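Working notes, structure below.
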Amino acid sequence: MTTRFADFGAHNRSVVADAMIWIDAELSDGRPFLAGEGFSMADIVLLCAVDFAKFVRMPIPDSAERLQAWHLRVSARPTARA
């Protein structure tokens, strides 16, 4: 039997959305990747987190346009499709 903690899950929806908005702001300086000019482990970890969030029905907020663009760009890399 699995125990679910619905209140904890509901609370974390706003935490995740706030984190995505913060990351969106971090991308506001025009850099192509999270940690600068080159694709790095930071991008890999964020890609996994964003994809998992989408899987559990926690998509990128509509207002996080830079994060959405980053996600499309990083997801299009051949290694992301492997």
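Residue numbering restarts at 1 in every chain; chains get A, B, ... in the order shown in the structure tokens, and ligands count up from 1 in that same order.
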(request) DSSP on the backbone, then: every residue of chain A marked alpha helix (DSSP H), written as a PyMOL selection string. (result) chain A and resi 6-26+41-55+65-75
What's around range 55-60 of chain A at 9 Å? Count only C-alpha atoms, leave out sequence neighbours fewer than 3 positions away in its own chain, and write the answer as a PDB file with N, CA, C and O atoms, in the first residue's frame.
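Result written to part14.pdb:
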ATOM      1  N   ARG A  13       3.717  22.158  -5.673  1.00  0.00           N
ATOM      2  CA  ARG A  13       3.406  22.704  -7.001  1.00  0.00           C
ATOM      3  C   ARG A  13       3.819  24.174  -7.073  1.00  0.00           C
ATOM      4  O   ARG A  13       4.419  24.606  -8.057  1.00  0.00           O
ATOM      5  N   VAL A  16       7.722  24.499  -7.020  1.00  0.00           N
ATOM      6  CA  VAL A  16       8.321  24.192  -8.323  1.00  0.00           C
ATOM      7  C   VAL A  16       8.067  25.331  -9.302  1.00  0.00           C
ATOM      8  O   VAL A  16       8.976  25.759 -10.025  1.00  0.00           O
ATOM      9  N   ALA A  17       6.852  25.848  -9.340  1.00  0.00           N
ATOM     10  CA  ALA A  17       6.541  26.963 -10.241  1.00  0.00           C
ATOM     11  C   ALA A  17       7.406  28.177  -9.910  1.00  0.00           C
ATOM     12  O   ALA A  17       7.949  28.822 -10.821  1.00  0.00           O
ATOM     13  N   MET A  20      10.902  27.615 -11.185  1.00  0.00           N
ATOM     14  CA  MET A  20      10.976  27.773 -12.642  1.00  0.00           C
ATOM     15  C   MET A  20      10.970  29.245 -13.037  1.00  0.00           C
ATOM     16  O   MET A  20      11.687  29.646 -13.958  1.00  0.00           O
ATOM     17  N   ILE A  21      10.193  30.054 -12.330  1.00  0.00           N
ATOM     18  CA  ILE A  21      10.179  31.504 -12.586  1.00  0.00           C
ATOM     19  C   ILE A  21      11.554  32.102 -12.253  1.00  0.00           C
ATOM     20  O   ILE A  21      12.070  32.956 -12.987  1.00  0.00           O
ATOM     21  N   VAL A  50      12.855  19.405 -15.383  1.00  0.00           N
ATOM     22  CA  VAL A  50      11.719  19.974 -16.110  1.00  0.00           C
ATOM     23  C   VAL A  50      10.897  18.870 -16.774  1.00  0.00           C
ATOM     24  O   VAL A  50       9.663  18.903 -16.746  1.00  0.00           O
ATOM     25  N   ASP A  51      11.572  17.895 -17.360  1.00  0.00           N
ATOM     26  CA  ASP A  51      10.843  16.783 -17.990  1.00  0.00           C
ATOM     27  C   ASP A  51      10.070  15.966 -16.960  1.00  0.00           C
ATOM     28  O   ASP A  51       8.933  15.555 -17.205  1.00  0.00           O
ATOM     29  N   PHE A  52      10.657  15.735 -15.790  1.00  0.00           N
ATOM     30  CA  PHE A  52       9.944  15.001 -14.750  1.00  0.00           C
ATOM     31  C   PHE A  52       8.760  15.816 -14.247  1.00  0.00           C
ATOM     32  O   PHE A  52       7.669  15.273 -14.026  1.00  0.00           O
ATOM     33  N   SER A  63       4.394  32.151 -18.115  1.00  0.00           N
ATOM     34  CA  SER A  63       5.174  33.389 -18.014  1.00  0.00           C
ATOM     35  C   SER A  63       6.677  33.162 -18.111  1.00  0.00           C
ATOM     36  O   SER A  63       7.434  34.113 -18.307  1.00  0.00           O
ATOM     37  N   ALA A  64       7.131  31.933 -18.007  1.00  0.00           N
ATOM     38  CA  ALA A  64       8.568  31.618 -18.059  1.00  0.00           C
ATOM     39  C   ALA A  64       8.998  31.342 -19.503  1.00  0.00           C
ATOM     40  O   ALA A  64       9.431  30.248 -19.854  1.00  0.00           O
ATOM     41  N   GLU A  65       8.901  32.362 -20.326  1.00  0.00           N
ATOM     42  CA  GLU A  65       9.162  32.204 -21.765  1.00  0.00           C
ATOM     43  C   GLU A  65      10.611  31.848 -22.077  1.00  0.00           C
ATOM     44  O   GLU A  65      10.877  31.070 -22.993  1.00  0.00           O
ATOM     45  N   LEU A  67      12.673  30.167 -20.139  1.00  0.00           N
ATOM     46  CA  LEU A  67      12.854  28.765 -19.756  1.00  0.00           C
ATOM     47  C   LEU A  67      12.206  27.848 -20.783  1.00  0.00           C
ATOM     48  O   LEU A  67      12.766  26.811 -21.124  1.00  0.00           O
ATOM     49  N   GLN A  68      11.062  28.229 -21.296  1.00  0.00           N
ATOM     50  CA  GLN A  68      10.420  27.428 -22.343  1.00  0.00           C
ATOM     51  C   GLN A  68      11.295  27.356 -23.586  1.00  0.00           C
ATOM     52  O   GLN A  68      11.461  26.272 -24.165  1.00  0.00           O
TER      53      GLN A  68
END
(request) Find the residues around range 31-40 of chain A up to 10 Å (only C-alpha atoms counted), leave out those fewer than 5 positions away in its own chain, and share them as JSON, numbers by chain. (result) {"A": [23, 24, 26, 45, 46, 66, 67, 69, 70, 71, 73, 74]}
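CA of Cys48 in chain A is positioned 25.0 Å from CA of Thr3 in chain A.
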(request) Compare A:Ala82, A:Ala49, A:Met41, A:Ala6 by their minimum atom-to-atom distance to Ala19 in chain A, counting only C-alpha atoms, and give me the closest one. (result) A:Ala49
(request) Calculate how many Å separate CA of Ile44 in chain A from CA of Ala10 in chain A, rounding to one decimal. (result) 26.0 Å
